[in-house]
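One file, query-v2.tsv, is given below (TSV, C-alpha atoms and all ligand atoms).
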```tsv
chain	number	residue	atom	x	y	z
A	13	MET	CA	0.00	0.00	0.00
A	14	SER	CA	1.32	3.46	-0.86
A	15	ASP	CA	1.66	6.49	1.29
A	16	ILE	CA	-0.86	9.27	0.63
A	17	SER	CA	0.72	11.78	3.03
A	18	SER	CA	2.38	13.61	0.13
A	19	PHE	CA	-1.09	14.60	-1.18
A	20	GLU	CA	-1.74	18.14	0.04
A	21	ILE	CA	-5.44	17.42	0.53
A	22	THR	CA	-4.59	15.15	3.48
A	23	ASN	CA	-3.24	18.19	5.38
A	24	LYS	CA	-6.74	19.70	5.60
A	25	TRP	CA	-8.60	16.37	5.82
A	26	PRO	CA	-6.25	13.92	7.61
A	27	ALA	CA	-6.91	10.25	6.95
A	28	THR	CA	-7.85	8.20	9.98
A	29	ASN	CA	-7.03	5.09	7.99
A	30	PRO	CA	-4.68	6.01	5.11
A	31	ASP	CA	-4.93	2.50	3.64
A	32	ILE	CA	-8.52	2.93	2.48
A	33	ILE	CA	-10.20	5.16	-0.13
A	34	GLN	CA	-10.60	8.78	0.94
A	35	LEU	CA	-13.82	10.46	-0.22
A	36	TYR	CA	-14.11	14.26	-0.25
A	37	SER	CA	-17.74	15.16	-0.70
A	38	LEU	CA	-21.12	16.45	0.48
A	39	PRO	CA	-24.53	14.80	-0.05
A	40	THR	CA	-25.46	16.83	-3.16
A	41	PRO	CA	-26.65	15.02	-6.32
A	42	ASN	CA	-23.09	14.57	-7.61
A	43	GLY	CA	-21.73	13.72	-4.18
A	44	ILE	CA	-24.42	11.12	-3.47
A	45	LYS	CA	-23.46	9.26	-6.64
A	46	VAL	CA	-20.03	8.38	-5.32
A	47	SER	CA	-21.08	7.60	-1.75
A	48	ALA	CA	-23.83	5.33	-3.16
A	49	MET	CA	-21.27	3.61	-5.37
A	50	LEU	CA	-18.87	3.07	-2.48
A	51	GLU	CA	-21.71	1.60	-0.44
A	52	GLU	CA	-22.81	-0.62	-3.35
A	53	THR	CA	-19.30	-2.00	-3.90
A	54	GLY	CA	-18.47	-2.63	-0.25
A	55	LEU	CA	-15.04	-1.05	-0.79
A	56	ALA	CA	-13.61	0.35	2.44
A	57	TYR	CA	-13.61	4.14	2.53
A	58	GLU	CA	-13.52	7.16	4.77
A	59	ALA	CA	-15.72	10.20	4.03
A	60	HIS	CA	-14.59	13.79	4.58
A	61	LYS	CA	-16.99	16.71	4.49
A	62	VAL	CA	-16.21	19.51	2.04
A	63	ASP	CA	-18.11	22.38	3.61
A	64	PHE	CA	-19.51	24.72	0.94
A	65	SER	CA	-20.45	27.33	3.57
A	66	ALA	CA	-16.72	27.60	4.36
A	67	ASP	CA	-15.85	27.54	0.62
A	68	ASP	CA	-13.78	24.39	1.26
A	69	GLN	CA	-14.14	23.37	-2.38
A	70	HIS	CA	-11.96	26.33	-3.39
A	71	SER	CA	-9.31	25.83	-0.74
A	72	PRO	CA	-5.77	25.22	-2.01
A	73	GLU	CA	-5.81	21.76	-0.39
A	74	PHE	CA	-9.00	20.70	-2.20
A	75	GLU	CA	-7.91	22.27	-5.48
A	76	SER	CA	-4.63	20.38	-5.26
A	77	LEU	CA	-6.73	17.27	-6.00
A	78	ASN	CA	-9.44	18.88	-8.12
A	79	PRO	CA	-8.36	22.14	-9.77
A	80	ASN	CA	-11.97	22.51	-10.93
A	81	GLY	CA	-13.05	23.10	-7.31
A	82	LYS	CA	-16.06	20.77	-7.26
A	83	ILE	CA	-17.05	17.72	-5.26
A	84	PRO	CA	-16.90	14.74	-5.36
A	85	ALA	CA	-13.25	13.68	-5.42
A	86	ILE	CA	-11.48	10.58	-4.16
A	87	LEU	CA	-7.97	9.51	-3.29
A	88	ASP	CA	-7.32	5.78	-3.57
A	89	PRO	CA	-4.07	4.69	-1.87
A	90	ASP	CA	-4.28	1.44	-3.80
A	91	GLY	CA	-4.74	2.66	-7.37
A	92	PRO	CA	-3.43	1.17	-10.61
A	93	ASP	CA	-0.09	-0.67	-10.08
A	94	GLY	CA	-0.61	-0.23	-6.33
A	95	LYS	CA	0.14	3.49	-6.57
A	96	PRO	CA	-2.13	6.21	-5.12
A	97	LEU	CA	-4.64	7.74	-7.50
A	98	GLY	CA	-6.53	10.98	-7.02
A	99	LEU	CA	-9.65	11.39	-9.16
A	100	PHE	CA	-12.35	13.99	-9.73
A	101	GLU	CA	-15.42	14.10	-12.05
A	102	SER	CA	-18.11	11.75	-10.77
A	103	GLY	CA	-18.48	9.85	-14.06
A	104	ALA	CA	-14.79	8.96	-14.11
A	105	ILE	CA	-14.94	8.00	-10.43
A	106	LEU	CA	-17.98	5.75	-10.96
A	107	GLN	CA	-16.30	3.97	-13.86
A	108	TYR	CA	-13.08	3.59	-11.88
A	109	LEU	CA	-14.86	2.14	-8.83
A	110	ALA	CA	-16.96	-0.16	-11.03
A	111	GLU	CA	-13.86	-1.55	-12.73
A	112	LYS	CA	-11.94	-1.81	-9.48
A	113	SER	CA	-14.76	-3.72	-7.74
A	114	GLY	CA	-16.26	-5.57	-10.71
A	115	LYS	CA	-19.70	-4.19	-9.77
A	116	LEU	CA	-22.42	-2.22	-11.60
A	117	LEU	CA	-20.63	-2.16	-14.98
A	118	SER	CA	-20.88	-5.27	-17.11
A	119	THR	CA	-17.75	-6.67	-18.75
A	120	ASP	CA	-19.88	-7.65	-21.74
A	121	PRO	CA	-18.79	-4.93	-24.21
A	122	ALA	CA	-22.25	-4.23	-25.63
A	123	ILE	CA	-23.83	-3.80	-22.18
A	124	LYS	CA	-20.80	-1.90	-20.92
A	125	TYR	CA	-21.02	0.71	-23.68
A	126	LYS	CA	-24.81	1.02	-23.32
A	127	THR	CA	-24.22	1.70	-19.63
A	128	LEU	CA	-21.51	4.28	-20.36
A	129	GLN	CA	-23.78	5.88	-22.96
A	130	TRP	CA	-26.46	6.55	-20.32
A	131	LEU	CA	-23.84	7.56	-17.76
A	132	HIS	CA	-22.63	10.22	-20.20
A	133	PHE	CA	-26.26	11.23	-20.86
A	134	GLN	CA	-26.37	12.06	-17.15
A	135	ILE	CA	-23.01	13.82	-17.04
A	136	GLY	CA	-23.55	15.92	-20.17
A	137	GLY	CA	-27.34	16.38	-20.06
A	138	VAL	CA	-29.24	15.58	-16.89
A	139	GLY	CA	-26.73	17.06	-14.42
A	140	PRO	CA	-26.09	20.41	-16.13
A	141	MET	CA	-29.69	20.97	-17.27
A	142	PHE	CA	-31.41	19.92	-14.05
A	143	GLY	CA	-28.81	21.94	-12.13
A	144	GLN	CA	-29.36	25.11	-14.17
A	145	PHE	CA	-33.13	24.67	-13.92
A	146	GLY	CA	-32.86	24.39	-10.13
A	147	HIS	CA	-30.64	27.45	-9.99
A	148	PHE	CA	-33.03	29.72	-11.88
A	149	TYR	CA	-36.26	28.16	-10.58
A	150	LYS	CA	-35.39	28.18	-6.90
A	151	PHE	CA	-32.27	30.18	-6.14
A	152	ALA	CA	-31.95	33.05	-8.63
A	153	ARG	CA	-35.54	34.26	-8.47
A	154	ASP	CA	-34.57	37.50	-6.75
A	155	SER	CA	-31.61	38.22	-9.01
A	156	CYS	CA	-33.21	37.39	-12.37
A	157	ASP	CA	-36.74	38.51	-13.20
A	158	HIS	CA	-36.61	37.56	-16.88
A	159	PRO	CA	-38.70	34.44	-17.67
A	160	TYR	CA	-36.29	33.12	-20.30
A	161	PRO	CA	-33.80	31.14	-18.12
A	162	VAL	CA	-36.50	29.20	-16.27
A	163	SER	CA	-38.41	28.46	-19.45
A	164	ARG	CA	-35.25	27.48	-21.33
A	165	TYR	CA	-34.06	25.02	-18.65
A	166	LYS	CA	-37.54	23.80	-17.75
A	167	ASN	CA	-38.14	22.84	-21.37
A	168	GLU	CA	-34.82	21.05	-21.49
A	169	VAL	CA	-35.57	19.18	-18.23
A	170	LEU	CA	-38.96	18.13	-19.61
A	171	ARG	CA	-37.35	16.99	-22.84
A	172	LEU	CA	-34.81	14.87	-20.93
A	173	LEU	CA	-37.57	13.43	-18.70
A	174	ASP	CA	-39.50	12.45	-21.82
A	175	VAL	CA	-36.43	10.61	-23.14
A	176	MET	CA	-36.13	8.75	-19.82
A	177	GLU	CA	-39.85	8.04	-19.56
A	178	ASP	CA	-39.91	6.50	-23.00
A	179	HIS	CA	-36.76	4.46	-22.34
A	180	LEU	CA	-37.87	3.23	-18.91
A	181	GLY	CA	-41.27	2.33	-20.31
A	182	LYS	CA	-39.49	-0.24	-22.46
A	183	ASN	CA	-36.63	-1.22	-20.15
A	184	GLN	CA	-36.43	-2.15	-16.49
A	185	TRP	CA	-33.16	-0.23	-16.02
A	186	MET	CA	-31.23	2.33	-18.04
A	187	ASN	CA	-28.93	-0.26	-19.65
A	188	GLY	CA	-31.76	-2.75	-20.14
A	189	ASP	CA	-31.77	-5.56	-17.61
A	190	ASP	CA	-29.50	-4.62	-14.72
A	191	TYR	CA	-29.06	-1.88	-12.15
A	192	SER	CA	-25.81	-0.13	-13.08
A	193	ILE	CA	-23.77	3.04	-12.64
A	194	ALA	CA	-26.10	4.65	-15.21
A	195	ASP	CA	-29.13	4.33	-12.89
A	196	LEU	CA	-27.06	5.20	-9.86
A	197	SER	CA	-25.89	8.45	-11.50
A	198	ILE	CA	-29.33	9.66	-12.68
A	199	TRP	CA	-31.32	8.71	-9.59
A	200	PRO	CA	-30.00	11.48	-7.24
A	201	TRP	CA	-30.69	14.11	-9.89
A	202	TYR	CA	-34.30	13.04	-10.31
A	203	ARG	CA	-34.58	12.97	-6.52
A	204	THR	CA	-33.40	16.58	-6.39
A	205	LEU	CA	-36.11	17.87	-8.77
A	206	GLY	CA	-38.92	16.90	-6.41
A	207	GLY	CA	-36.82	17.32	-3.25
A	208	PHE	CA	-34.37	20.20	-2.94
A	209	TYR	CA	-35.74	22.13	-5.96
A	210	GLU	CA	-39.39	21.62	-4.87
A	211	ALA	CA	-40.48	21.38	-8.50
A	212	THR	CA	-42.89	18.41	-8.39
A	213	ASN	CA	-45.92	20.49	-9.37
A	214	GLU	CA	-44.06	22.75	-11.79
A	215	LEU	CA	-42.76	19.74	-13.74
A	216	GLU	CA	-45.78	17.49	-13.05
A	217	LEU	CA	-43.44	14.74	-11.92
A	218	GLN	CA	-46.33	12.58	-10.73
A	219	ASP	CA	-47.20	11.89	-14.39
A	220	TYR	CA	-43.91	10.12	-15.18
A	221	GLU	CA	-45.10	6.61	-14.36
A	222	SER	CA	-42.13	4.66	-15.67
A	223	ILE	CA	-39.56	7.03	-14.18
A	224	ASN	CA	-41.33	6.89	-10.82
A	225	ARG	CA	-41.43	3.07	-10.88
A	226	TRP	CA	-37.67	3.07	-11.57
A	227	PHE	CA	-36.99	5.85	-9.05
A	228	ASP	CA	-38.70	3.93	-6.22
A	229	LEU	CA	-36.57	0.86	-6.96
A	230	CYS	CA	-33.40	2.97	-6.94
A	231	SER	CA	-34.39	4.76	-3.71
A	232	GLU	CA	-35.16	1.52	-1.88
A	233	ARG	CA	-31.65	0.15	-2.26
A	234	PRO	CA	-29.85	0.05	1.11
A	235	ALA	CA	-26.82	1.80	-0.42
A	236	SER	CA	-29.01	4.65	-1.71
A	237	LYS	CA	-30.65	5.10	1.68
A	238	LYS	CA	-27.26	5.40	3.38
A	239	ALA	CA	-25.63	7.54	0.68
A	240	ILE	CA	-28.03	10.46	1.01
A	241	ASN	CA	-26.43	11.27	4.38
A	242	ILE	CA	-22.75	10.66	3.55
A	243	PRO	CA	-20.83	12.53	4.71
A	244	PRO	CA	-23.22	13.94	7.31
A	245	ARG	CA	-23.86	17.65	6.74
A	246	GLU	CA	-23.68	18.36	10.49
B	1	LIG	N1	-19.16	17.35	-13.58
B	1	LIG	C1	-18.89	17.35	-12.16
B	1	LIG	C2	-19.84	18.30	-11.49
B	1	LIG	C3	-19.53	18.45	-10.01
B	1	LIG	C4	-20.37	19.52	-9.36
B	1	LIG	O1	-21.00	20.37	-10.04
B	1	LIG	N2	-20.39	19.52	-8.04
B	1	LIG	C5	-21.14	20.52	-7.30
B	1	LIG	C6	-22.03	19.86	-6.25
B	1	LIG	S1	-23.31	18.87	-6.96
B	1	LIG	C7	-20.17	21.44	-6.57
B	1	LIG	O2	-19.12	21.00	-6.12
B	1	LIG	N3	-20.53	22.71	-6.40
B	1	LIG	C8	-19.74	23.64	-5.64
B	1	LIG	C9	-19.31	24.84	-6.44
B	1	LIG	O3	-19.59	24.91	-7.64
B	1	LIG	O4	-18.68	25.74	-5.85
B	1	LIG	C10	-19.03	15.93	-11.62
B	1	LIG	O5	-19.87	15.19	-12.14
B	1	LIG	O6	-18.28	15.56	-10.69
```
The structure in this file should be written as structure tokens.
Amino acid sequence: MSDISSFEITNKWPATNPDIIQLYSLPTPNGIKVSAMLEETGLAYEAHKVDFSADDQHSPEFESLNPNGKIPAILDPDGPDGKPLGLFESGAILQYLAEKSGKLLSTDPAIKYKTLQWLHFQIGGVGPMFGQFGHFYKFARDSCDHPYPVSRYKNEVLRLLDVMEDHLGKNQWMNGDDYSIADLSIWPWYRTLGGFYEATNELELQDYESINRWFDLCSERPASKKAINIPPRE
């Protein structure tokens, strides 16, 4: 096992057990993805809270691991060739943890690429569009009185939900037959629309029967239930 003490991030968030994966996160939609994945895989890890109210994500220690200043990030002391590996971008982290553990990403090439296709649909579409919708719908109301941003992002959210509704009407899970990192990555974002953004009525989420069937299955997983509080906010 390698030594992670040379990673500057460990100065601000010291590892209690430096031999296990270090997670730097907060239970936001992108953060929950990685804590859910760590819970699903059973890999040993230690979670550190990156406090947005203290602007921790822009501290020099955090940015030494992720120069983009966003959670989640991990530091695996036992990375490729037994050397430590720091990683940011939740999609890359999910793929890394799936390949490391052999879980939630099929080794059958056709299923694997279908899974990655929907994972990238989340990273490039669902995350940014849902996030911008939430920003203008809930948080920027007092600083932006023009209707265009909400209508622009609301329409894009509805379009993406229609794509998912159609797909999940024909498939049990995003990749077809199995729960995978594609479902795991989209689920916390759908959760946020009706939860943190309080947009159930605005988006008429109750009408998405297939998405809601799928969402309930995702939410009931023991790993999902734990992940929504990792690391604890308080
Ligand atoms: N594409 C990135 C997005 C990460 C991201 O936007 N994280 C948000 C929380 S959900 C964040 O750290 N926000 C803090 C900030 O922007 O200052 C990923 O998937 O990891």
Surrounding residues of Arg245 (chain A) excluding itself and chain neighbours under 2 positions, 9 Å, all atoms listed in the file, as a ChimeraX atom specification
/A:38-39,61,63,241-243
Ligand LIG 1 (chain B): which residues are within 6 Å, counting all atoms listed in the file? Reply as a list in words.
Thr40, Pro41, Asn42, Lys82, Ile83, Pro84, Glu101, Ser102, Gly103 and Ile135 of chain A
As an exercise, work out the distance from CA of Leu50 (chain A) to CA of Glu232 (chain A) in Å and give it to one decimal place.
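Here the two named atoms are 16.4 Å from each other.
Omitting region 118-134 of chain A and its sequence neighbours fewer than 6 positions away, and counting all atoms listed in the file, the residues within 9 Å are Gly103, Gln107, Ala110, Glu111, Pro140, Met186, Asn187, Gly188, Asp190, Ser192, Ile193, Ala194, Asp195, Leu196, Ser197, Ile198 and Trp201 of chain A.
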Is it possible to get the residues within 12 Å of (-34.9, -2.9, -14.4) (coordinates as in the file, counting only C-alpha atoms) written as a count of residues only?
24
What's around Asp90 (chain A) at 12 Å? Count only C-alpha atoms, leave out sequence neighbours fewer than 3 positions away in its own chain, and write the answer as a VMD selection string.
chain A and resid 13 to 16 30 to 34 55 to 57 86 to 87 93 to 98 109 112
Please identify every residue of region 85-150 of chain A that has at least one atom no farther than 12 Å from an atom of region 163-173 of chain A, counting all atoms listed in the file, and for each give the shortest atom pair and the distance in Å to one decimal, arranged by chain then increasing number, as JSON lines.
```
{"residue": "A:Trp130", "atom": "CA", "partner": "A:Leu172", "partner_atom": "CA", "distance": 11.8}
{"residue": "A:Phe133", "atom": "CA", "partner": "A:Leu172", "partner_atom": "CA", "distance": 9.3}
{"residue": "A:Gln134", "atom": "CA", "partner": "A:Leu172", "partner_atom": "CA", "distance": 9.7}
{"residue": "A:Gly136", "atom": "CA", "partner": "A:Leu172", "partner_atom": "CA", "distance": 11.3}
{"residue": "A:Gly137", "atom": "CA", "partner": "A:Leu172", "partner_atom": "CA", "distance": 7.7}
{"residue": "A:Val138", "atom": "CA", "partner": "A:Leu172", "partner_atom": "CA", "distance": 6.9}
{"residue": "A:Gly139", "atom": "CA", "partner": "A:Val169", "partner_atom": "CA", "distance": 9.9}
{"residue": "A:Pro140", "atom": "CA", "partner": "A:Tyr165", "partner_atom": "CA", "distance": 9.5}
{"residue": "A:Met141", "atom": "CA", "partner": "A:Tyr165", "partner_atom": "CA", "distance": 6.1}
{"residue": "A:Phe142", "atom": "CA", "partner": "A:Val169", "partner_atom": "CA", "distance": 5.9}
{"residue": "A:Gly143", "atom": "CA", "partner": "A:Tyr165", "partner_atom": "CA", "distance": 8.9}
{"residue": "A:Gln144", "atom": "CA", "partner": "A:Tyr165", "partner_atom": "CA", "distance": 6.5}
{"residue": "A:Phe145", "atom": "CA", "partner": "A:Tyr165", "partner_atom": "CA", "distance": 4.8}
{"residue": "A:Gly146", "atom": "CA", "partner": "A:Tyr165", "partner_atom": "CA", "distance": 8.6}
{"residue": "A:His147", "atom": "CA", "partner": "A:Tyr165", "partner_atom": "CA", "distance": 9.6}
{"residue": "A:Phe148", "atom": "CA", "partner": "A:Tyr165", "partner_atom": "CA", "distance": 8.3}
{"residue": "A:Tyr149", "atom": "CA", "partner": "A:Lys166", "partner_atom": "CA", "distance": 8.5}
{"residue": "A:Lys150", "atom": "CA", "partner": "A:Lys166", "partner_atom": "CA", "distance": 11.9}
```
Store the residues picked out above in a file with C-alpha atoms, as an mmCIF file, in the frame of the given file.
```cif
data_model
loop_
_atom_site.group_PDB
_atom_site.id
_atom_site.type_symbol
_atom_site.label_atom_id
_atom_site.label_comp_id
_atom_site.auth_asym_id
_atom_site.auth_seq_id
_atom_site.Cartn_x
_atom_site.Cartn_y
_atom_site.Cartn_z
ATOM 1 C CA TRP A 130 -26.460 6.550 -20.320
ATOM 2 C CA PHE A 133 -26.260 11.230 -20.860
ATOM 3 C CA GLN A 134 -26.370 12.060 -17.150
ATOM 4 C CA GLY A 136 -23.550 15.920 -20.170
ATOM 5 C CA GLY A 137 -27.340 16.380 -20.060
ATOM 6 C CA VAL A 138 -29.240 15.580 -16.890
ATOM 7 C CA GLY A 139 -26.730 17.060 -14.420
ATOM 8 C CA PRO A 140 -26.090 20.410 -16.130
ATOM 9 C CA MET A 141 -29.690 20.970 -17.270
ATOM 10 C CA PHE A 142 -31.410 19.920 -14.050
ATOM 11 C CA GLY A 143 -28.810 21.940 -12.130
ATOM 12 C CA GLN A 144 -29.360 25.110 -14.170
ATOM 13 C CA PHE A 145 -33.130 24.670 -13.920
ATOM 14 C CA GLY A 146 -32.860 24.390 -10.130
ATOM 15 C CA HIS A 147 -30.640 27.450 -9.990
ATOM 16 C CA PHE A 148 -33.030 29.720 -11.880
ATOM 17 C CA TYR A 149 -36.260 28.160 -10.580
ATOM 18 C CA LYS A 150 -35.390 28.180 -6.900
#
```
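Take CA of Thr22 (chain A) and CA of Ser113 (chain A): the distance between them is 24.2 Å.
Each of A:Asp157, A:Glu177, A:Glu58, A:Glu51 was compared to Leu106 (chain A) using all atoms listed in the file, and A:Glu51 turns out to be the nearest.
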Choose the residue, out of A:Asn224, A:Pro200, A:Lys24, A:Lys238, that has the smallest atom-to-atom separation from Glu73 (chain A); count only C-alpha atoms.
A:Lys24
Given all atoms listed in the file as the counted atoms, nearest of A:Ser18, A:Thr212, A:Gln69, A:Ser231 to Pro89 (chain A):
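Once distances to Pro89 (chain A) are computed over all atoms listed in the file, the minimum belongs to A:Ser18.
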Please compute the CA of Gly207 (chain A)-CA of Asp178 (chain A) distance, one decimal, in Å.
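CA of Gly207 (chain A) sits 22.7 Å away from CA of Asp178 (chain A).
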Top pick for closest residue to Glu20 (chain A), considering A:Val175, A:Ala104, A:Leu77, A:Leu99 and counting all atoms listed in the file
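Selected residue with least distance to Glu20 (chain A): A:Leu77.
Ranking A:Leu35, A:Ala27, A:Met49, A:Cys156 by their shortest atom-to-atom distance to Ala235 (chain A), with all atoms listed in the file included, puts A:Met49 first.
You can rank A:Pro79, A:Ala48, A:Glu214, A:Ala85 by their closest distance to His60 (chain A) using all atoms listed in the file, and at the top of that list sits A:Ala85.
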